[in-house]
Amino acid sequence: MRVLVAGGAGYIGAHMVRCLAENGHAVTVFDNLSSGHEEAVRWGRLVVGDVLDRSALDAVLRGDHYDAVMHFCARSLVGESMLQPLAYYRNNVGGTLTLLEAMRAAGVEHIVFSSSAAIFGQPLSECIDEGHPLAPINPYGASKWMCEQMIEDAVRAFGLRAVALRYFNAAGADPQGRLGESHRPETHLIPNMLRAAREQGEPLQIFGDDYPTGDGTCIRDYVHVDDLAEAHLAALQLMQRKPGMHRFNLGNGTGFSVREVIAAGERVSGQKVRYTVAARRDGDPAVLVAASRHAREILGWKPFYADIEGIIETAWRWHCAPRY
Ligand code: UDP
């Protein structure tokens, strides 16, 4: 297939591009390089452009016939979204709207959308399945929910086919060390922890140890970025068979607290992780763990990286020798 990967220079998008190319698909990356890396685009053609720029999207979509779009472009930091909500709505909701309009004009009929566990808000059950109520508690999650609603309406009205994949916590790196997680500034737990293990300087901050969890720190479900990419491949196939809109929660189904992640990081790196306990970060729910049965049954998806140490090991390899 010919696939346009919007946001393909970013962390998850770049792993997706590699996975598509390795599976014989032709890939064009559309990315404004605001947080993505040109060096990460090694398996496809790069078009630099902004998803809010309709004419740039029209130009790329008319230049070729695309079978599908994968949409990774978004601002994705919970804490930042609490401080800059309008920027999140403009970018994430406005960007998705513009992309949907451009796809309709160009006759592109399939989209895989990067959604998030943040659409669920405070979980009402131990594991979150697709039937869980949607009640985001931060603008990031709200923006992703709004995008899902727009996509659903477009599916109903125009016969678009769509899959929304709700990622829990994407983590890890290409096992061969060609791609990895590199945000500036870095806000995510695993890269920050590995930096604190490897370098002197600022210790890791644990954001809150007074949550109602076993050790007081937040629990998350970490899922390897290559496993997420595999789910997208399966989503492409599903859309060929089945019209409509499909939604899947993607996680390993096991939660790890911040302190457990630190302990695993110390075992993998053989280094002590220096940390301090800081205040809670606004917008963080205490626990987010996926029930991914639906993805297993319908997509046939089974994460290859089932344990946290295996995931951190790939991240550590990248962290010791980053390419960008
Ligand atoms: N976290 C932390 N210190 C950090 C970064 C994150 O304690 O430097 C915590 C954060 O509060 C959350 C978990 O680690 O409970 C995962 O956060 P991350 O930013 O990696 O992903 P998110 O859950 O926001 O998508």
# chains A, B, ... in the order shown; residues from 1 in each chain; ligands from 1
$ residues_around --residues "A:Tyr89" --least-positions-apart "4" --cutoff "12 Å" --atoms "only C-alpha atoms" --output "list in words"
Leu52, Ala74, Arg75, Ser76, Ser81, Met82, Gln84, Pro85, Val93, Gly94, Gly95, Thr96, Leu97, Asn138, Pro139, Tyr140, Gly141, Ala142, Ser143, Lys144, Trp145, Met146 and Cys147 of chain A
$ residues_near_ligand --ligand "ligand 1" --cutoff "6 Å" --atoms "only C-alpha atoms and all ligand atoms" --output "list in words"
Val78, Asn169, Thr187, His188, Leu189, Asn192, Leu204, Gln205, Ile206, Phe207, Cys218, Val258 and Arg281 of chain A
$ residues_around --residues "stretch 119-125 of chain A" --least-positions-apart "6" --cutoff "12 Å" --atoms "only C-alpha atoms" --output "ChimeraX atom specification"
/A:78,131-149,164-168,219-220,249,283-291
$ write_last_selection --atoms "N, CA, C and O atoms" --output "compact mmCIF listing (two decimals), in the first residue's frame"
# COMPACT_ATOMS: atom_id res chain seq x y z
N VAL A 78 0.60 15.86 28.80
CA VAL A 78 -0.52 16.13 29.69
C VAL A 78 -0.30 17.42 30.48
O VAL A 78 -1.17 18.30 30.52
N GLY A 131 -15.23 -0.26 26.36
CA GLY A 131 -16.54 0.18 26.83
C GLY A 131 -16.47 1.16 27.99
O GLY A 131 -17.49 1.68 28.45
N HIS A 132 -15.27 1.42 28.47
CA HIS A 132 -15.12 2.34 29.61
C HIS A 132 -15.61 3.74 29.24
O HIS A 132 -15.34 4.21 28.13
N PRO A 133 -16.33 4.42 30.17
CA PRO A 133 -16.79 5.78 29.84
C PRO A 133 -15.62 6.71 29.50
O PRO A 133 -14.52 6.57 30.02
N LEU A 134 -15.91 7.66 28.62
CA LEU A 134 -14.90 8.64 28.21
C LEU A 134 -15.11 9.91 29.01
O LEU A 134 -16.17 10.54 28.93
N ALA A 135 -14.14 10.28 29.79
CA ALA A 135 -14.27 11.46 30.65
C ALA A 135 -12.88 12.03 30.92
O ALA A 135 -12.37 11.99 32.04
N PRO A 136 -12.24 12.58 29.87
CA PRO A 136 -10.86 13.05 30.04
C PRO A 136 -10.73 14.12 31.13
O PRO A 136 -11.67 14.90 31.33
N ILE A 137 -9.59 14.12 31.82
CA ILE A 137 -9.40 15.10 32.89
C ILE A 137 -8.31 16.10 32.52
O ILE A 137 -7.83 16.84 33.37
N ASN A 138 -7.87 16.09 31.26
CA ASN A 138 -6.92 17.12 30.84
C ASN A 138 -7.18 17.46 29.37
O ASN A 138 -7.78 16.65 28.64
N PRO A 139 -6.76 18.66 28.93
CA PRO A 139 -7.06 19.08 27.55
C PRO A 139 -6.44 18.15 26.51
O PRO A 139 -7.01 17.98 25.42
N TYR A 140 -5.31 17.54 26.80
CA TYR A 140 -4.74 16.59 25.84
C TYR A 140 -5.73 15.47 25.56
O TYR A 140 -6.08 15.18 24.41
N GLY A 141 -6.22 14.84 26.63
CA GLY A 141 -7.18 13.74 26.48
C GLY A 141 -8.46 14.22 25.82
O GLY A 141 -9.02 13.54 24.95
N ALA A 142 -8.92 15.43 26.20
CA ALA A 142 -10.15 15.97 25.61
C ALA A 142 -9.95 16.18 24.11
O ALA A 142 -10.85 15.88 23.31
N SER A 143 -8.77 16.66 23.72
CA SER A 143 -8.54 16.92 22.28
C SER A 143 -8.57 15.60 21.50
O SER A 143 -9.11 15.53 20.40
N LYS A 144 -8.01 14.55 22.06
CA LYS A 144 -8.01 13.25 21.36
C LYS A 144 -9.43 12.68 21.25
O LYS A 144 -9.80 12.07 20.25
N TRP A 145 -10.22 12.90 22.29
CA TRP A 145 -11.60 12.44 22.27
C TRP A 145 -12.38 13.17 21.17
O TRP A 145 -13.12 12.57 20.39
N MET A 146 -12.17 14.50 21.11
CA MET A 146 -12.86 15.29 20.08
C MET A 146 -12.48 14.78 18.68
O MET A 146 -13.32 14.68 17.79
N CYS A 147 -11.22 14.45 18.50
CA CYS A 147 -10.78 13.94 17.19
C CYS A 147 -11.50 12.63 16.87
O CYS A 147 -11.96 12.43 15.74
N GLU A 148 -11.59 11.75 17.85
CA GLU A 148 -12.30 10.48 17.60
C GLU A 148 -13.74 10.75 17.18
O GLU A 148 -14.29 10.07 16.30
N GLN A 149 -14.37 11.74 17.81
CA GLN A 149 -15.76 12.05 17.47
C GLN A 149 -15.87 12.59 16.05
O GLN A 149 -16.77 12.22 15.29
N ALA A 164 -9.17 3.90 15.45
CA ALA A 164 -8.54 4.73 16.49
C ALA A 164 -7.83 3.81 17.46
O ALA A 164 -8.45 2.88 18.00
N LEU A 165 -6.55 4.04 17.64
CA LEU A 165 -5.76 3.20 18.55
C LEU A 165 -5.43 4.03 19.78
O LEU A 165 -4.75 5.05 19.69
N ARG A 166 -5.94 3.56 20.91
CA ARG A 166 -5.69 4.30 22.15
C ARG A 166 -4.44 3.72 22.82
O ARG A 166 -4.50 2.66 23.44
N TYR A 167 -3.35 4.44 22.66
CA TYR A 167 -2.09 3.97 23.26
C TYR A 167 -2.13 4.22 24.76
O TYR A 167 -2.56 5.26 25.20
N PHE A 168 -1.60 3.27 25.50
CA PHE A 168 -1.32 3.56 26.90
C PHE A 168 0.08 4.19 26.90
O PHE A 168 0.27 5.14 26.17
N ILE A 219 0.61 4.53 38.53
CA ILE A 219 0.76 3.25 37.82
C ILE A 219 0.37 3.45 36.35
O ILE A 219 -0.66 4.05 36.05
N ARG A 220 1.23 2.96 35.46
CA ARG A 220 0.97 3.07 34.02
C ARG A 220 1.25 1.73 33.36
O ARG A 220 2.01 0.90 33.88
N ASN A 249 -7.91 -0.43 22.52
CA ASN A 249 -7.01 0.01 23.59
C ASN A 249 -5.75 -0.85 23.51
O ASN A 249 -5.83 -2.07 23.48
N GLY A 283 -3.10 16.92 36.22
CA GLY A 283 -3.72 16.18 35.11
C GLY A 283 -3.40 14.70 35.08
O GLY A 283 -3.91 13.98 34.23
N ASP A 284 -2.55 14.22 36.01
CA ASP A 284 -2.17 12.80 36.01
C ASP A 284 -3.17 11.94 36.79
O ASP A 284 -3.32 12.13 38.00
N PRO A 285 -3.85 10.98 36.16
CA PRO A 285 -4.63 10.03 36.95
C PRO A 285 -3.72 9.06 37.70
O PRO A 285 -2.56 8.86 37.29
N ALA A 286 -4.22 8.44 38.78
CA ALA A 286 -3.37 7.56 39.60
C ALA A 286 -2.98 6.29 38.84
O ALA A 286 -1.84 5.84 38.90
N VAL A 287 -3.93 5.71 38.13
CA VAL A 287 -3.70 4.40 37.50
C VAL A 287 -4.27 4.40 36.09
O VAL A 287 -5.38 4.89 35.88
N LEU A 288 -3.51 3.90 35.13
CA LEU A 288 -4.03 3.68 33.77
C LEU A 288 -3.49 2.35 33.27
O LEU A 288 -2.29 2.22 33.00
N VAL A 289 -4.34 1.36 33.17
CA VAL A 289 -3.93 0.04 32.67
C VAL A 289 -4.97 -0.42 31.64
O VAL A 289 -6.17 -0.29 31.86
N ALA A 290 -4.47 -0.97 30.54
CA ALA A 290 -5.36 -1.36 29.43
C ALA A 290 -5.88 -2.77 29.58
O ALA A 290 -5.18 -3.67 30.05
N ALA A 291 -7.12 -2.96 29.13
CA ALA A 291 -7.60 -4.31 28.81
C ALA A 291 -7.56 -4.39 27.30
O ALA A 291 -8.31 -3.69 26.62
$ atom_distance --atom1 "atom CA of A:His246" --atom2 "atom CA of A:Ala6"
19.6 Å
$ residues_around --residues "A:Met103" --least-positions-apart "6" --cutoff "10 Å" --atoms "only C-alpha atoms" --output "number ranges by chain"
A: 57-58, 61-62, 66, 68-69, 97, 109-111, 160
$ write_last_selection --atoms "N, CA and C atoms" --output "PDB file, in the first residue's frame"
ATOM      1  N   LEU A  57      -1.191  20.139   2.626  1.00  0.00           N
ATOM      2  CA  LEU A  57      -1.772  18.787   2.639  1.00  0.00           C
ATOM      3  C   LEU A  57      -2.345  18.428   1.273  1.00  0.00           C
ATOM      4  N   ASP A  58      -3.056  19.381   0.667  1.00  0.00           N
ATOM      5  CA  ASP A  58      -3.626  19.129  -0.667  1.00  0.00           C
ATOM      6  C   ASP A  58      -2.515  18.775  -1.651  1.00  0.00           C
ATOM      7  N   LEU A  61      -1.256  15.209  -0.932  1.00  0.00           N
ATOM      8  CA  LEU A  61      -2.261  14.164  -1.195  1.00  0.00           C
ATOM      9  C   LEU A  61      -2.610  14.064  -2.680  1.00  0.00           C
ATOM     10  N   ARG A  62      -2.482  15.172  -3.403  1.00  0.00           N
ATOM     11  CA  ARG A  62      -2.784  15.113  -4.839  1.00  0.00           C
ATOM     12  C   ARG A  62      -1.595  14.605  -5.643  1.00  0.00           C
ATOM     13  N   TYR A  66      -2.926   7.810  -2.371  1.00  0.00           N
ATOM     14  CA  TYR A  66      -2.647   7.135  -1.096  1.00  0.00           C
ATOM     15  C   TYR A  66      -3.794   6.203  -0.731  1.00  0.00           C
ATOM     16  N   ALA A  68      -3.982   4.955   2.353  1.00  0.00           N
ATOM     17  CA  ALA A  68      -4.323   5.226   3.752  1.00  0.00           C
ATOM     18  C   ALA A  68      -3.450   6.343   4.309  1.00  0.00           C
ATOM     19  N   VAL A  69      -3.992   6.981   5.350  1.00  0.00           N
ATOM     20  CA  VAL A  69      -3.216   7.954   6.128  1.00  0.00           C
ATOM     21  C   VAL A  69      -3.093   7.420   7.548  1.00  0.00           C
ATOM     22  N   LEU A  97      -8.979  17.952  11.914  1.00  0.00           N
ATOM     23  CA  LEU A  97     -10.064  18.448  11.047  1.00  0.00           C
ATOM     24  C   LEU A  97      -9.520  18.786   9.653  1.00  0.00           C
ATOM     25  N   GLU A 109      -9.473   7.067   1.646  1.00  0.00           N
ATOM     26  CA  GLU A 109     -10.621   6.474   2.342  1.00  0.00           C
ATOM     27  C   GLU A 109     -10.305   5.723   3.630  1.00  0.00           C
ATOM     28  N   HIS A 110      -9.038   5.717   4.033  1.00  0.00           N
ATOM     29  CA  HIS A 110      -8.686   4.974   5.251  1.00  0.00           C
ATOM     30  C   HIS A 110      -7.791   5.827   6.137  1.00  0.00           C
ATOM     31  N   ILE A 111      -8.092   5.815   7.436  1.00  0.00           N
ATOM     32  CA  ILE A 111      -7.218   6.533   8.379  1.00  0.00           C
ATOM     33  C   ILE A 111      -7.013   5.697   9.640  1.00  0.00           C
ATOM     34  N   LEU A 160     -15.878   6.963   5.095  1.00  0.00           N
ATOM     35  CA  LEU A 160     -14.465   6.813   5.471  1.00  0.00           C
ATOM     36  C   LEU A 160     -14.346   5.547   6.331  1.00  0.00           C
TER      37      LEU A 160
END
$ atom_distance --atom1 "atom CA of A:Ala229" --atom2 "atom CA of A:Met16"
5.0 Å
$ residues_around --residues "stretch 232-238 of chain A" --least-positions-apart "5" --cutoff "10 Å" --atoms "only C-alpha atoms" --output "PyMOL selection string"
chain A and resi 1+3+16+19-20+23+67-70+110-114+161-165+226-227+243+246-248+295+298-301
$ closest_residue --among "A:Gly107, A:Pro175, A:Gly13, A:Gly214" --to "A:His71" --atoms "only C-alpha atoms"
A:Gly13
$ atom_distance --atom1 "atom CA of A:Asp215" --atom2 "atom CA of A:Glu260"
9.0 Å
$ select_by_dssp --residues "stretch 124-301 of chain A" --states "helix (DSSP H, G or I)" --output "MDAnalysis selection string"
chainID A and resid 139:158 189:198 225:241 258:269 293:299
$ select_by_dssp --residues "stretch 190-321 of chain A" --states "strand (DSSP E)" --output "number ranges by chain"
A: 204-207, 219-220, 222-224, 245-250, 256-257, 275-278, 287-288
$ residues_around --residues "stretch 43-51 of chain A" --least-positions-apart "4" --cutoff "9 Å" --atoms "only C-alpha atoms" --output "PyMOL selection string"
chain A and resi 6-9+14+17-22+26-33+38+56-57+60+73+91+94-96+98-99
$ write_last_selection --atoms "N, CA, C and O atoms" --output "CSV table (one decimal), in the first residue's frame"
chain,number,residue,atom,x,y,z
A,6,ALA,N,1.5,11.0,8.7
A,6,ALA,CA,1.5,12.4,9.2
A,6,ALA,C,2.2,12.3,10.6
A,6,ALA,O,1.6,11.6,11.4
A,7,GLY,N,3.2,13.1,10.8
A,7,GLY,CA,4.0,12.9,12.0
A,7,GLY,C,5.0,11.8,12.1
A,7,GLY,O,5.3,11.3,13.1
A,8,GLY,N,5.4,11.4,10.9
A,8,GLY,CA,6.3,10.3,10.8
A,8,GLY,C,7.8,10.5,11.2
A,8,GLY,O,8.6,9.6,11.1
A,9,ALA,N,8.1,11.8,11.5
A,9,ALA,CA,9.4,12.0,12.0
A,9,ALA,C,9.5,12.0,13.6
A,9,ALA,O,10.5,12.1,14.2
A,14,ALA,N,8.1,7.5,13.6
A,14,ALA,CA,9.3,7.0,12.9
A,14,ALA,C,9.4,5.5,13.0
A,14,ALA,O,9.8,4.8,12.0
A,17,VAL,N,7.0,4.1,10.4
A,17,VAL,CA,7.6,4.2,9.0
A,17,VAL,C,8.5,3.1,8.7
A,17,VAL,O,8.4,2.4,7.7
A,18,ARG,N,9.4,2.8,9.7
A,18,ARG,CA,10.3,1.7,9.5
A,18,ARG,C,9.6,0.4,9.3
A,18,ARG,O,9.8,-0.4,8.4
A,19,CYS,N,8.6,0.2,10.2
A,19,CYS,CA,7.8,-1.0,10.2
A,19,CYS,C,7.0,-1.2,8.8
A,19,CYS,O,6.9,-2.3,8.2
A,20,LEU,N,6.4,-0.1,8.3
A,20,LEU,CA,5.7,-0.1,7.1
A,20,LEU,C,6.6,-0.5,5.9
A,20,LEU,O,6.4,-1.4,5.1
A,21,ALA,N,7.8,0.2,5.9
A,21,ALA,CA,8.8,-0.1,4.8
A,21,ALA,C,9.2,-1.5,4.9
A,21,ALA,O,9.4,-2.2,3.8
A,22,GLU,N,9.5,-2.0,6.1
A,22,GLU,CA,10.0,-3.4,6.2
A,22,GLU,C,8.9,-4.4,5.8
A,22,GLU,O,9.2,-5.6,5.4
A,26,ALA,N,4.9,1.5,0.6
A,26,ALA,CA,5.6,2.7,0.2
A,26,ALA,C,5.1,3.9,1.1
A,26,ALA,O,3.9,4.1,1.3
A,27,VAL,N,6.0,4.6,1.7
A,27,VAL,CA,5.7,5.6,2.7
A,27,VAL,C,6.1,7.0,2.3
A,27,VAL,O,7.3,7.2,1.9
A,28,THR,N,5.2,7.9,2.5
A,28,THR,CA,5.6,9.4,2.5
A,28,THR,C,5.4,9.9,3.9
A,28,THR,O,4.3,9.6,4.5
A,29,VAL,N,6.3,10.6,4.4
A,29,VAL,CA,6.2,11.2,5.8
A,29,VAL,C,5.9,12.7,5.6
A,29,VAL,O,6.5,13.4,4.7
A,30,PHE,N,4.8,13.2,6.3
A,30,PHE,CA,4.5,14.6,6.3
A,30,PHE,C,4.6,15.1,7.7
A,30,PHE,O,4.0,14.6,8.6
A,31,ASP,N,5.6,16.0,7.9
A,31,ASP,CA,5.9,16.4,9.3
A,31,ASP,C,6.4,17.8,9.3
A,31,ASP,O,7.2,18.2,8.4
A,32,ASN,N,6.1,18.6,10.3
A,32,ASN,CA,6.6,20.0,10.3
A,32,ASN,C,7.9,20.1,11.1
A,32,ASN,O,8.5,21.1,11.3
A,33,LEU,N,8.4,18.9,11.6
A,33,LEU,CA,9.7,18.8,12.3
A,33,LEU,C,9.7,19.7,13.5
A,33,LEU,O,10.8,20.1,14.0
A,38,GLU,N,14.5,14.9,11.4
A,38,GLU,CA,14.7,14.6,10.0
A,38,GLU,C,15.5,13.3,9.9
A,38,GLU,O,15.3,12.5,9.1
A,56,ALA,N,-0.8,22.8,1.9
A,56,ALA,CA,0.4,21.8,1.9
A,56,ALA,C,-0.1,20.4,1.9
A,56,ALA,O,0.4,19.5,1.2
A,57,LEU,N,-1.2,20.1,2.6
A,57,LEU,CA,-1.8,18.8,2.6
A,57,LEU,C,-2.3,18.4,1.3
A,57,LEU,O,-2.1,17.3,0.8
A,60,VAL,N,0.4,17.4,-1.1
A,60,VAL,CA,1.0,16.1,-1.0
A,60,VAL,C,0.0,15.0,-1.3
A,60,VAL,O,0.3,14.0,-2.0
A,73,CYS,N,0.4,13.2,14.1
A,73,CYS,CA,0.8,14.6,14.5
A,73,CYS,C,0.0,15.1,15.7
A,73,CYS,O,-1.3,15.1,15.6
A,91,ASN,N,-3.9,22.6,17.6
A,91,ASN,CA,-3.1,21.7,17.0
A,91,ASN,C,-3.7,20.3,16.7
A,91,ASN,O,-3.7,19.8,15.6
A,94,GLY,N,-7.8,21.0,15.5
A,94,GLY,CA,-7.7,21.7,14.2
A,94,GLY,C,-6.9,20.9,13.1
A,94,GLY,O,-7.3,20.9,12.0
A,95,GLY,N,-5.8,20.3,13.6
A,95,GLY,CA,-5.0,19.5,12.6
A,95,GLY,C,-5.7,18.3,12.1
A,95,GLY,O,-5.7,18.0,10.9
A,96,THR,N,-6.4,17.6,13.0
A,96,THR,CA,-7.2,16.4,12.5
A,96,THR,C,-8.3,16.9,11.6
A,96,THR,O,-8.6,16.2,10.6
A,98,THR,N,-8.4,19.5,9.6
A,98,THR,CA,-7.8,19.9,8.3
A,98,THR,C,-7.4,18.7,7.5
A,98,THR,O,-7.7,18.6,6.3
A,99,LEU,N,-6.8,17.7,8.2
A,99,LEU,CA,-6.4,16.5,7.5
A,99,LEU,C,-7.6,15.7,7.0
A,99,LEU,O,-7.6,15.2,5.9
$ residues_around --residues "A:Gly201" --least-positions-apart "5" --cutoff "12 Å" --atoms "only C-alpha atoms" --output "MDAnalysis selection string"
chainID A and resid 192 195:196 273:275
$ closest_residue --among "A:Asp174, A:Asp221, A:Asp210, A:Glu266" --to "A:Arg198" --atoms "only C-alpha atoms"
A:Glu266
$ closest_residue --among "A:Ala59, A:Ala106, A:Ala173, A:Ala231" --to "A:Ser292" --atoms "only C-alpha atoms"
A:Ala231
$ decode --residues "stretch 198-214 of chain A" --atoms "N, CA, C and O atoms" --output "PDB file, in the first residue's frame"
ATOM      1  N   ARG A 198      22.455   7.434  33.999  1.00  0.00           N
ATOM      2  CA  ARG A 198      23.682   7.468  33.214  1.00  0.00           C
ATOM      3  C   ARG A 198      24.537   8.698  33.505  1.00  0.00           C
ATOM      4  O   ARG A 198      25.760   8.642  33.456  1.00  0.00           O
ATOM      5  N   GLU A 199      23.840   9.806  33.766  1.00  0.00           N
ATOM      6  CA  GLU A 199      24.582  11.066  33.848  1.00  0.00           C
ATOM      7  C   GLU A 199      24.484  11.654  35.244  1.00  0.00           C
ATOM      8  O   GLU A 199      23.525  11.439  35.957  1.00  0.00           O
ATOM      9  N   GLN A 200      25.474  12.424  35.571  1.00  0.00           N
ATOM     10  CA  GLN A 200      25.369  13.250  36.765  1.00  0.00           C
ATOM     11  C   GLN A 200      24.393  14.360  36.432  1.00  0.00           C
ATOM     12  O   GLN A 200      23.844  14.399  35.358  1.00  0.00           O
ATOM     13  N   GLY A 201      24.194  15.294  37.328  1.00  0.00           N
ATOM     14  CA  GLY A 201      23.254  16.372  37.023  1.00  0.00           C
ATOM     15  C   GLY A 201      21.946  16.145  37.744  1.00  0.00           C
ATOM     16  O   GLY A 201      21.907  15.446  38.757  1.00  0.00           O
ATOM     17  N   GLU A 202      20.900  16.739  37.189  1.00  0.00           N
ATOM     18  CA  GLU A 202      19.607  16.716  37.876  1.00  0.00           C
ATOM     19  C   GLU A 202      19.129  15.287  38.120  1.00  0.00           C
ATOM     20  O   GLU A 202      19.114  14.460  37.202  1.00  0.00           O
ATOM     21  N   PRO A 203      18.686  14.977  39.352  1.00  0.00           N
ATOM     22  CA  PRO A 203      18.078  13.664  39.574  1.00  0.00           C
ATOM     23  C   PRO A 203      16.689  13.603  38.937  1.00  0.00           C
ATOM     24  O   PRO A 203      16.112  14.636  38.598  1.00  0.00           O
ATOM     25  N   LEU A 204      16.169  12.400  38.775  1.00  0.00           N
ATOM     26  CA  LEU A 204      14.785  12.226  38.323  1.00  0.00           C
ATOM     27  C   LEU A 204      13.852  12.768  39.396  1.00  0.00           C
ATOM     28  O   LEU A 204      14.117  12.615  40.585  1.00  0.00           O
ATOM     29  N   GLN A 205      12.779  13.390  38.956  1.00  0.00           N
ATOM     30  CA  GLN A 205      11.750  13.789  39.917  1.00  0.00           C
ATOM     31  C   GLN A 205      10.599  12.788  39.833  1.00  0.00           C
ATOM     32  O   GLN A 205      10.105  12.503  38.735  1.00  0.00           O
ATOM     33  N   ILE A 206      10.194  12.273  40.968  1.00  0.00           N
ATOM     34  CA  ILE A 206       8.972  11.454  41.012  1.00  0.00           C
ATOM     35  C   ILE A 206       7.815  12.404  41.290  1.00  0.00           C
ATOM     36  O   ILE A 206       7.792  13.070  42.330  1.00  0.00           O
ATOM     37  N   PHE A 207       6.869  12.455  40.362  1.00  0.00           N
ATOM     38  CA  PHE A 207       5.767  13.409  40.515  1.00  0.00           C
ATOM     39  C   PHE A 207       4.674  12.816  41.396  1.00  0.00           C
ATOM     40  O   PHE A 207       3.704  12.250  40.906  1.00  0.00           O
ATOM     41  N   GLY A 208       4.849  12.960  42.683  1.00  0.00           N
ATOM     42  CA  GLY A 208       3.827  12.550  43.643  1.00  0.00           C
ATOM     43  C   GLY A 208       4.040  11.147  44.166  1.00  0.00           C
ATOM     44  O   GLY A 208       4.205  10.216  43.378  1.00  0.00           O
ATOM     45  N   ASP A 209       4.079  10.997  45.503  1.00  0.00           N
ATOM     46  CA  ASP A 209       4.113   9.652  46.089  1.00  0.00           C
ATOM     47  C   ASP A 209       2.998   9.475  47.108  1.00  0.00           C
ATOM     48  O   ASP A 209       3.106   8.686  48.034  1.00  0.00           O
ATOM     49  N   ASP A 210       1.915  10.258  46.879  1.00  0.00           N
ATOM     50  CA  ASP A 210       0.759  10.167  47.784  1.00  0.00           C
ATOM     51  C   ASP A 210      -0.507   9.782  47.023  1.00  0.00           C
ATOM     52  O   ASP A 210      -1.614  10.145  47.403  1.00  0.00           O
ATOM     53  N   TYR A 211      -0.325   9.046  45.933  1.00  0.00           N
ATOM     54  CA  TYR A 211      -1.496   8.538  45.195  1.00  0.00           C
ATOM     55  C   TYR A 211      -2.029   7.285  45.897  1.00  0.00           C
ATOM     56  O   TYR A 211      -1.264   6.598  46.609  1.00  0.00           O
ATOM     57  N   PRO A 212      -3.303   6.987  45.695  1.00  0.00           N
ATOM     58  CA  PRO A 212      -3.865   5.776  46.322  1.00  0.00           C
ATOM     59  C   PRO A 212      -3.445   4.498  45.585  1.00  0.00           C
ATOM     60  O   PRO A 212      -4.255   3.770  45.026  1.00  0.00           O
ATOM     61  N   THR A 213      -2.144   4.248  45.559  1.00  0.00           N
ATOM     62  CA  THR A 213      -1.594   3.024  44.942  1.00  0.00           C
ATOM     63  C   THR A 213      -0.701   2.354  45.977  1.00  0.00           C
ATOM     64  O   THR A 213      -0.406   2.964  47.016  1.00  0.00           O
ATOM     65  N   GLY A 214      -0.247   1.142  45.695  1.00  0.00           N
ATOM     66  CA  GLY A 214       0.541   0.380  46.660  1.00  0.00           C
ATOM     67  C   GLY A 214       1.710   1.168  47.232  1.00  0.00           C
ATOM     68  O   GLY A 214       1.903   1.216  48.449  1.00  0.00           O
TER      69      GLY A 214
END
